[in-house]
file upload.cif (mmCIF, N, CA and C atoms)
data_work
#
loop_
_atom_site.group_PDB
_atom_site.id
_atom_site.type_symbol
_atom_site.label_atom_id
_atom_site.label_comp_id
_atom_site.auth_asym_id
_atom_site.auth_seq_id
_atom_site.Cartn_x
_atom_site.Cartn_y
_atom_site.Cartn_z
ATOM 1 N N MET A 1 -7.749 29.224 3.189
ATOM 2 C CA MET A 1 -8.999 28.537 3.018
ATOM 3 C C MET A 1 -9.084 27.371 4.000
ATOM 4 N N SER A 2 -10.193 27.252 4.664
ATOM 5 C CA SER A 2 -10.405 26.126 5.563
ATOM 6 C C SER A 2 -10.996 24.956 4.779
ATOM 7 N N VAL A 3 -10.336 23.812 4.887
ATOM 8 C CA VAL A 3 -10.740 22.604 4.175
ATOM 9 C C VAL A 3 -10.893 21.490 5.206
ATOM 10 N N THR A 4 -11.928 20.683 5.064
ATOM 11 C CA THR A 4 -12.092 19.516 5.926
ATOM 12 C C THR A 4 -11.604 18.297 5.175
ATOM 13 N N ILE A 5 -10.696 17.548 5.784
ATOM 14 C CA ILE A 5 -10.189 16.331 5.168
ATOM 15 C C ILE A 5 -10.806 15.144 5.890
ATOM 16 N N ARG A 6 -11.483 14.286 5.145
ATOM 17 C CA ARG A 6 -12.058 13.068 5.702
ATOM 18 C C ARG A 6 -11.001 11.974 5.658
ATOM 19 N N ILE A 7 -10.770 11.367 6.819
ATOM 20 C CA ILE A 7 -9.715 10.372 6.977
ATOM 21 C C ILE A 7 -10.331 8.975 7.036
ATOM 22 N N PRO A 8 -9.842 8.039 6.215
ATOM 23 C CA PRO A 8 -10.383 6.674 6.277
ATOM 24 C C PRO A 8 -9.934 5.969 7.555
ATOM 25 N N ALA A 9 -10.667 4.947 7.924
ATOM 26 C CA ALA A 9 -10.379 4.208 9.161
ATOM 27 C C ALA A 9 -8.940 3.714 9.219
ATOM 28 N N GLN A 10 -8.360 3.335 8.083
ATOM 29 C CA GLN A 10 -7.002 2.793 8.044
ATOM 30 C C GLN A 10 -5.949 3.801 8.490
ATOM 31 N N LEU A 11 -6.250 5.082 8.414
ATOM 32 C CA LEU A 11 -5.274 6.117 8.764
ATOM 33 C C LEU A 11 -5.590 6.833 10.075
ATOM 34 N N ARG A 12 -6.675 6.482 10.709
ATOM 35 C CA ARG A 12 -7.080 7.213 11.917
ATOM 36 C C ARG A 12 -6.145 7.014 13.097
ATOM 37 N N SER A 13 -5.334 5.962 13.066
ATOM 38 C CA SER A 13 -4.347 5.797 14.137
ATOM 39 C C SER A 13 -3.319 6.930 14.085
ATOM 40 N N LEU A 14 -3.143 7.542 12.925
ATOM 41 C CA LEU A 14 -2.205 8.656 12.768
ATOM 42 C C LEU A 14 -2.826 10.005 13.120
ATOM 43 N N THR A 15 -4.161 10.038 13.237
ATOM 44 C CA THR A 15 -4.854 11.296 13.528
ATOM 45 C C THR A 15 -5.515 11.270 14.904
ATOM 46 N N GLY A 16 -5.052 10.366 15.761
ATOM 47 C CA GLY A 16 -5.640 10.273 17.090
ATOM 48 C C GLY A 16 -7.074 9.800 17.080
ATOM 49 N N GLY A 17 -7.450 9.076 16.026
ATOM 50 C CA GLY A 17 -8.806 8.546 15.917
ATOM 51 C C GLY A 17 -9.783 9.457 15.203
ATOM 52 N N ALA A 18 -9.344 10.653 14.841
ATOM 53 C CA ALA A 18 -10.245 11.611 14.193
ATOM 54 C C ALA A 18 -10.583 11.185 12.770
ATOM 55 N N GLY A 19 -11.852 11.269 12.435
ATOM 56 C CA GLY A 19 -12.313 10.936 11.095
ATOM 57 C C GLY A 19 -12.344 12.132 10.163
ATOM 58 N N GLU A 20 -12.314 13.331 10.728
ATOM 59 C CA GLU A 20 -12.279 14.562 9.943
ATOM 60 C C GLU A 20 -11.314 15.539 10.608
ATOM 61 N N ILE A 21 -10.516 16.180 9.792
ATOM 62 C CA ILE A 21 -9.532 17.153 10.269
ATOM 63 C C ILE A 21 -9.709 18.438 9.466
ATOM 64 N N ALA A 22 -9.819 19.567 10.127
ATOM 65 C CA ALA A 22 -9.896 20.860 9.452
ATOM 66 C C ALA A 22 -8.485 21.421 9.326
ATOM 67 N N VAL A 23 -8.117 21.832 8.118
ATOM 68 C CA VAL A 23 -6.800 22.413 7.854
ATOM 69 C C VAL A 23 -6.962 23.649 6.978
ATOM 70 N N GLU A 24 -5.888 24.376 6.831
ATOM 71 C CA GLU A 24 -5.857 25.535 5.949
ATOM 72 C C GLU A 24 -5.022 25.199 4.722
ATOM 73 N N GLY A 25 -5.447 25.670 3.565
ATOM 74 C CA GLY A 25 -4.684 25.472 2.341
ATOM 75 C C GLY A 25 -5.439 25.995 1.141
ATOM 76 N N GLY A 26 -4.699 26.487 0.165
ATOM 77 C CA GLY A 26 -5.314 27.010 -1.049
ATOM 78 C C GLY A 26 -5.380 25.992 -2.173
ATOM 79 N N THR A 27 -4.601 24.884 -2.020
ATOM 80 C CA THR A 27 -4.621 23.802 -3.000
ATOM 81 C C THR A 27 -4.698 22.477 -2.232
ATOM 82 N N VAL A 28 -4.961 21.417 -2.957
ATOM 83 C CA VAL A 28 -4.978 20.090 -2.333
ATOM 84 C C VAL A 28 -3.623 19.813 -1.695
ATOM 85 N N ARG A 29 -2.550 20.121 -2.397
ATOM 86 C CA ARG A 29 -1.198 19.887 -1.871
ATOM 87 C C ARG A 29 -0.979 20.644 -0.557
ATOM 88 N N GLU A 30 -1.359 21.928 -0.517
ATOM 89 C CA GLU A 30 -1.191 22.724 0.697
ATOM 90 C C GLU A 30 -2.013 22.154 1.852
ATOM 91 N N ALA A 31 -3.196 21.654 1.555
ATOM 92 C CA ALA A 31 -4.032 21.038 2.593
ATOM 93 C C ALA A 31 -3.363 19.782 3.139
ATOM 94 N N LEU A 32 -2.759 18.985 2.252
ATOM 95 C CA LEU A 32 -2.070 17.774 2.705
ATOM 96 C C LEU A 32 -0.824 18.102 3.518
ATOM 97 N N VAL A 33 -0.118 19.150 3.146
ATOM 98 C CA VAL A 33 1.057 19.585 3.920
ATOM 99 C C VAL A 33 0.607 19.996 5.323
ATOM 100 N N ALA A 34 -0.497 20.732 5.408
ATOM 101 C CA ALA A 34 -1.016 21.148 6.714
ATOM 102 C C ALA A 34 -1.477 19.944 7.529
ATOM 103 N N LEU A 35 -2.087 18.971 6.871
ATOM 104 C CA LEU A 35 -2.517 17.753 7.560
ATOM 105 C C LEU A 35 -1.310 17.022 8.132
ATOM 106 N N ASP A 36 -0.249 16.894 7.346
ATOM 107 C CA ASP A 36 0.945 16.187 7.806
ATOM 108 C C ASP A 36 1.671 16.958 8.908
ATOM 109 N N ALA A 37 1.599 18.281 8.864
ATOM 110 C CA ALA A 37 2.210 19.081 9.927
ATOM 111 C C ALA A 37 1.490 18.842 11.259
ATOM 112 N N ALA A 38 0.174 18.699 11.193
ATOM 113 C CA ALA A 38 -0.615 18.457 12.400
ATOM 114 C C ALA A 38 -0.559 17.004 12.843
ATOM 115 N N HIS A 39 -0.401 16.102 11.874
ATOM 116 C CA HIS A 39 -0.412 14.660 12.146
ATOM 117 C C HIS A 39 0.706 13.997 11.338
ATOM 118 N N PRO A 40 1.947 14.108 11.822
ATOM 119 C CA PRO A 40 3.095 13.587 11.086
ATOM 120 C C PRO A 40 2.933 12.111 10.711
ATOM 121 N N GLY A 41 3.350 11.820 9.489
ATOM 122 C CA GLY A 41 3.307 10.448 9.006
ATOM 123 C C GLY A 41 2.167 10.157 8.050
ATOM 124 N N VAL A 42 1.178 11.034 8.026
ATOM 125 C CA VAL A 42 0.033 10.798 7.137
ATOM 126 C C VAL A 42 0.475 10.826 5.679
ATOM 127 N N ASN A 43 1.262 11.824 5.319
ATOM 128 C CA ASN A 43 1.646 11.952 3.907
ATOM 129 C C ASN A 43 2.518 10.805 3.415
ATOM 130 N N GLU A 44 3.247 10.155 4.325
ATOM 131 C CA GLU A 44 4.021 8.979 3.910
ATOM 132 C C GLU A 44 3.106 7.887 3.368
ATOM 133 N N ARG A 45 1.891 7.852 3.861
ATOM 134 C CA ARG A 45 0.916 6.858 3.419
ATOM 135 C C ARG A 45 0.177 7.302 2.159
ATOM 136 N N LEU A 46 0.106 8.615 1.915
ATOM 137 C CA LEU A 46 -0.656 9.140 0.787
ATOM 138 C C LEU A 46 0.196 9.446 -0.441
ATOM 139 N N LEU A 47 1.432 9.883 -0.203
ATOM 140 C CA LEU A 47 2.299 10.336 -1.290
ATOM 141 C C LEU A 47 3.520 9.437 -1.418
ATOM 142 N N ASP A 48 4.008 9.297 -2.658
ATOM 143 C CA ASP A 48 5.210 8.488 -2.871
ATOM 144 C C ASP A 48 6.459 9.331 -2.613
ATOM 145 N N GLU A 49 7.623 8.740 -2.849
ATOM 146 C CA GLU A 49 8.890 9.429 -2.568
ATOM 147 C C GLU A 49 9.112 10.672 -3.431
ATOM 148 N N ASN A 50 8.374 10.799 -4.533
ATOM 149 C CA ASN A 50 8.477 11.974 -5.401
ATOM 150 C C ASN A 50 7.425 13.031 -5.081
ATOM 151 N N GLY A 51 6.599 12.764 -4.067
ATOM 152 C CA GLY A 51 5.552 13.711 -3.701
ATOM 153 C C GLY A 51 4.284 13.581 -4.512
ATOM 154 N N ALA A 52 4.194 12.520 -5.323
ATOM 155 C CA ALA A 52 2.990 12.280 -6.124
ATOM 156 C C ALA A 52 2.020 11.394 -5.338
ATOM 157 N N LEU A 53 0.772 11.516 -5.665
ATOM 158 C CA LEU A 53 -0.251 10.700 -5.023
ATOM 159 C C LEU A 53 -0.013 9.229 -5.334
ATOM 160 N N ARG A 54 0.004 8.400 -4.295
ATOM 161 C CA ARG A 54 0.184 6.962 -4.508
ATOM 162 C C ARG A 54 -0.981 6.437 -5.337
ATOM 163 N N ARG A 55 -0.707 5.441 -6.182
ATOM 164 C CA ARG A 55 -1.738 4.970 -7.111
ATOM 165 C C ARG A 55 -2.889 4.265 -6.433
ATOM 166 N N PHE A 56 -2.704 3.782 -5.206
ATOM 167 C CA PHE A 56 -3.788 3.104 -4.501
ATOM 168 C C PHE A 56 -4.564 4.045 -3.580
ATOM 169 N N VAL A 57 -4.278 5.342 -3.679
ATOM 170 C CA VAL A 57 -4.991 6.343 -2.884
ATOM 171 C C VAL A 57 -5.757 7.250 -3.835
ATOM 172 N N ASN A 58 -7.022 7.468 -3.523
ATOM 173 C CA ASN A 58 -7.849 8.390 -4.294
ATOM 174 C C ASN A 58 -8.210 9.571 -3.416
ATOM 175 N N LEU A 59 -8.169 10.755 -3.992
ATOM 176 C CA LEU A 59 -8.576 11.967 -3.292
ATOM 177 C C LEU A 59 -9.730 12.598 -4.053
ATOM 178 N N PHE A 60 -10.805 12.840 -3.345
ATOM 179 C CA PHE A 60 -11.973 13.445 -3.954
ATOM 180 C C PHE A 60 -12.231 14.801 -3.320
ATOM 181 N N LEU A 61 -12.306 15.815 -4.153
ATOM 182 C CA LEU A 61 -12.628 17.160 -3.711
ATOM 183 C C LEU A 61 -14.029 17.459 -4.202
ATOM 184 N N ALA A 62 -14.953 17.613 -3.265
ATOM 185 C CA ALA A 62 -16.358 17.856 -3.620
ATOM 186 C C ALA A 62 -16.845 16.806 -4.627
ATOM 187 N N ASP A 63 -16.567 15.559 -4.345
ATOM 188 C CA ASP A 63 -17.004 14.405 -5.138
ATOM 189 C C ASP A 63 -16.326 14.275 -6.503
ATOM 190 N N GLU A 64 -15.267 15.036 -6.748
ATOM 191 C CA GLU A 64 -14.518 14.932 -7.999
ATOM 192 C C GLU A 64 -13.122 14.395 -7.704
ATOM 193 N N ASP A 65 -12.704 13.372 -8.436
ATOM 194 C CA ASP A 65 -11.366 12.806 -8.283
ATOM 195 C C ASP A 65 -10.352 13.859 -8.720
ATOM 196 N N VAL A 66 -9.420 14.217 -7.825
ATOM 197 C CA VAL A 66 -8.461 15.271 -8.149
ATOM 198 C C VAL A 66 -7.573 14.891 -9.330
ATOM 199 N N ARG A 67 -7.445 13.603 -9.619
ATOM 200 C CA ARG A 67 -6.642 13.180 -10.781
ATOM 201 C C ARG A 67 -7.251 13.695 -12.089
ATOM 202 N N PHE A 68 -8.554 13.933 -12.088
ATOM 203 C CA PHE A 68 -9.233 14.426 -13.284
ATOM 204 C C PHE A 68 -9.423 15.937 -13.242
ATOM 205 N N LEU A 69 -8.887 16.559 -12.205
ATOM 206 C CA LEU A 69 -8.896 18.017 -12.103
ATOM 207 C C LEU A 69 -7.462 18.487 -12.364
ATOM 208 N N GLU A 70 -6.836 19.123 -11.401
ATOM 209 C CA GLU A 70 -5.457 19.582 -11.556
ATOM 210 C C GLU A 70 -4.517 18.831 -10.623
ATOM 211 N N GLY A 71 -4.905 17.621 -10.243
ATOM 212 C CA GLY A 71 -4.075 16.816 -9.364
ATOM 213 C C GLY A 71 -3.907 17.490 -8.020
ATOM 214 N N LEU A 72 -2.713 17.381 -7.460
ATOM 215 C CA LEU A 72 -2.447 17.978 -6.149
ATOM 216 C C LEU A 72 -2.451 19.500 -6.192
ATOM 217 N N ASP A 73 -2.360 20.071 -7.389
ATOM 218 C CA ASP A 73 -2.387 21.526 -7.530
ATOM 219 C C ASP A 73 -3.803 22.068 -7.725
ATOM 220 N N THR A 74 -4.809 21.227 -7.547
ATOM 221 C CA THR A 74 -6.200 21.652 -7.663
ATOM 222 C C THR A 74 -6.515 22.684 -6.572
ATOM 223 N N PRO A 75 -7.028 23.841 -6.961
ATOM 224 C CA PRO A 75 -7.399 24.842 -5.962
ATOM 225 C C PRO A 75 -8.580 24.351 -5.119
ATOM 226 N N VAL A 76 -8.590 24.750 -3.857
ATOM 227 C CA VAL A 76 -9.720 24.426 -2.982
ATOM 228 C C VAL A 76 -10.372 25.724 -2.528
ATOM 229 N N LYS A 77 -11.673 25.641 -2.333
ATOM 230 C CA LYS A 77 -12.434 26.790 -1.857
ATOM 231 C C LYS A 77 -12.716 26.613 -0.373
ATOM 232 N N ASP A 78 -12.896 27.712 0.295
ATOM 233 C CA ASP A 78 -13.198 27.685 1.714
ATOM 234 C C ASP A 78 -14.436 26.824 1.968
ATOM 235 N N GLY A 79 -14.309 25.907 2.915
ATOM 236 C CA GLY A 79 -15.435 25.063 3.295
ATOM 237 C C GLY A 79 -15.563 23.767 2.527
ATOM 238 N N GLN A 80 -14.721 23.538 1.528
ATOM 239 C CA GLN A 80 -14.802 22.297 0.763
ATOM 240 C C GLN A 80 -14.306 21.110 1.584
ATOM 241 N N THR A 81 -14.700 19.920 1.140
ATOM 242 C CA THR A 81 -14.277 18.689 1.796
ATOM 243 C C THR A 81 -13.410 17.885 0.844
ATOM 244 N N LEU A 82 -12.295 17.409 1.362
ATOM 245 C CA LEU A 82 -11.381 16.546 0.635
ATOM 246 C C LEU A 82 -11.445 15.179 1.293
ATOM 247 N N SER A 83 -11.849 14.183 0.514
ATOM 248 C CA SER A 83 -11.992 12.815 1.062
ATOM 249 C C SER A 83 -10.860 11.930 0.582
ATOM 250 N N VAL A 84 -10.203 11.268 1.528
ATOM 251 C CA VAL A 84 -9.159 10.289 1.219
ATOM 252 C C VAL A 84 -9.848 8.940 1.149
ATOM 253 N N VAL A 85 -9.738 8.299 -0.028
ATOM 254 C CA VAL A 85 -10.409 7.017 -0.232
ATOM 255 C C VAL A 85 -9.391 6.007 -0.747
ATOM 256 N N PRO A 86 -9.043 5.000 0.077
ATOM 257 C CA PRO A 86 -8.123 3.968 -0.404
ATOM 258 C C PRO A 86 -8.780 3.153 -1.512
ATOM 259 N N ALA A 87 -7.990 2.796 -2.513
ATOM 260 C CA ALA A 87 -8.508 1.950 -3.587
ATOM 261 C C ALA A 87 -8.807 0.566 -3.052
ATOM 262 N N VAL A 88 -9.834 -0.042 -3.587
ATOM 263 C CA VAL A 88 -10.235 -1.387 -3.188
ATOM 264 C C VAL A 88 -9.988 -2.318 -4.370
ATOM 265 N N ALA A 89 -9.297 -3.416 -4.120
ATOM 266 C CA ALA A 89 -9.027 -4.378 -5.182
ATOM 267 C C ALA A 89 -9.570 -5.731 -4.767
ATOM 268 N N GLY A 90 -9.716 -6.576 -5.711
ATOM 269 C CA GLY A 90 -10.197 -7.921 -5.414
ATOM 270 C C GLY A 90 -11.322 -8.294 -6.355
ATOM 271 N N GLY A 91 -11.832 -9.455 -6.122
ATOM 272 C CA GLY A 91 -12.887 -9.851 -7.049
ATOM 273 C C GLY A 91 -13.832 -10.823 -6.487
#
call {"tool": "encode", "arguments": {"input": "upload.cif", "output": "structure tokens"}}
result
Amino acid sequence: MSVTIRIPAQLRSLTGGAGEIAVEGGTVREALVALDAAHPGVNERLLDENGALRRFVNLFLADEDVRFLEGLDTPVKDGQTLSVVPAVAGG
């Protein structure tokens, strides 16, 4: 399945400045593995040492937070968009 991953400005130095990357994968996890294979170092910023999504990173698949779906094992359909959104804190 072809998935487009939207990359936030904070991570574009790892993707050669690209704001969107097309990858292949049947799940969110597989898409992230493909992204890291093409752009090493991205997953270090997104995933913790156990391979879980870092708490300050949000992933939205078709406008749905993957944490409320099946997490990293959420299936993706061909043509879907996965958006990486860093959490914003402050007041």
call {"tool": "resolve_selection", "arguments": {"input": "upload.cif", "expression": "the PyMOL selection byres (((chain A and resi 2 and name CA) around 9) and name CA)", "output": "list in words"}}
result
Met1, Val3, Thr4, Ala22, Val23, Glu24, Gly25, Gly26, Ala31, Val76, Lys77, Asp78, Gly79 and Gln80 of chain A
call {"tool": "closest_residue", "arguments": {"input": "upload.cif", "among": "A:Val33, A:Pro86, A:Gly71, A:Ala52", "to": "A:Leu11", "atoms": "only C-alpha atoms"}}
result
A:Pro86
call {"tool": "residues_around", "arguments": {"input": "upload.cif", "residues": "stretch 62-64 of chain A", "least_positions_apart": "4", "cutoff": "8 Å", "atoms": "all atoms listed in the file", "output": "number ranges by chain"}}
result
A: 68-69, 80-83
call {"tool": "write_last_selection", "arguments": {"input": "upload.cif", "atoms": "N, CA and C atoms", "output": "JSON list (two decimals), in the frame of the given file"}}
result
[["chain", "number", "residue", "atom", "x", "y", "z"],
["A", 68, "PHE", "N", -8.55, 13.93, -12.09],
["A", 68, "PHE", "CA", -9.23, 14.43, -13.28],
["A", 68, "PHE", "C", -9.42, 15.94, -13.24],
["A", 69, "LEU", "N", -8.89, 16.56, -12.20],
["A", 69, "LEU", "CA", -8.90, 18.02, -12.10],
["A", 69, "LEU", "C", -7.46, 18.49, -12.36],
["A", 80, "GLN", "N", -14.72, 23.54, 1.53],
["A", 80, "GLN", "CA", -14.80, 22.30, 0.76],
["A", 80, "GLN", "C", -14.31, 21.11, 1.58],
["A", 81, "THR", "N", -14.70, 19.92, 1.14],
["A", 81, "THR", "CA", -14.28, 18.69, 1.80],
["A", 81, "THR", "C", -13.41, 17.89, 0.84],
["A", 82, "LEU", "N", -12.30, 17.41, 1.36],
["A", 82, "LEU", "CA", -11.38, 16.55, 0.64],
["A", 82, "LEU", "C", -11.44, 15.18, 1.29],
["A", 83, "SER", "N", -11.85, 14.18, 0.51],
["A", 83, "SER", "CA", -11.99, 12.82, 1.06],
["A", 83, "SER", "C", -10.86, 11.93, 0.58]]
call {"tool": "atom_distance", "arguments": {"input": "upload.cif", "atom1": "atom N of A:Asn58", "atom2": "atom CA of A:Leu35"}}
result
15.8 Å
call {"tool": "closest_residue", "arguments": {"input": "upload.cif", "among": "A:Gly51, A:Pro8, A:Gly17, A:Pro40", "to": "A:Val84", "atoms": "all atoms listed in the file"}}
result
A:Pro8
call {"tool": "atom_distance", "arguments": {"input": "upload.cif", "atom1": "atom C of A:Gln10", "atom2": "atom C of A:Arg29"}}
result
19.8 Å
call {"tool": "select_by_dssp", "arguments": {"input": "upload.cif", "residues": "stretch 23-73 of chain A", "states": "strand (DSSP E or B)", "output": "list of chain:residue names"}}
result
A:Val23, A:Glu24, A:Thr27, A:Leu47, A:Leu53, A:Val57, A:Asn58, A:Leu59, A:Phe60, A:Leu61, A:Glu64, A:Asp65
call {"tool": "axis_aligned_box", "arguments": {"input": "upload.cif", "around": "stretch 31-35 of chain A", "padding_each_side": "8 Å", "output": "lines of an AutoDock Vina configuration file"}}
result
center_x = -1.5
center_y = 19.3
center_z = 4.8
size_x = 21.1
size_y = 20.6
size_z = 22.6
call {"tool": "atom_distance", "arguments": {"input": "upload.cif", "atom1": "atom N of A:Ala37", "atom2": "atom N of A:Glu20"}}
result
14.9 Å
call {"tool": "closest_residue", "arguments": {"input": "upload.cif", "among": "A:Val42, A:Asp65, A:Glu30, A:Arg54", "to": "A:Thr15", "atoms": "only C-alpha atoms"}}
result
A:Val42
call {"tool": "select_by_dssp", "arguments": {"input": "upload.cif", "residues": "chain A", "states": "alpha helix (DSSP H)", "output": "ChimeraX atom specification"}}
result
/A:28-38,42-46
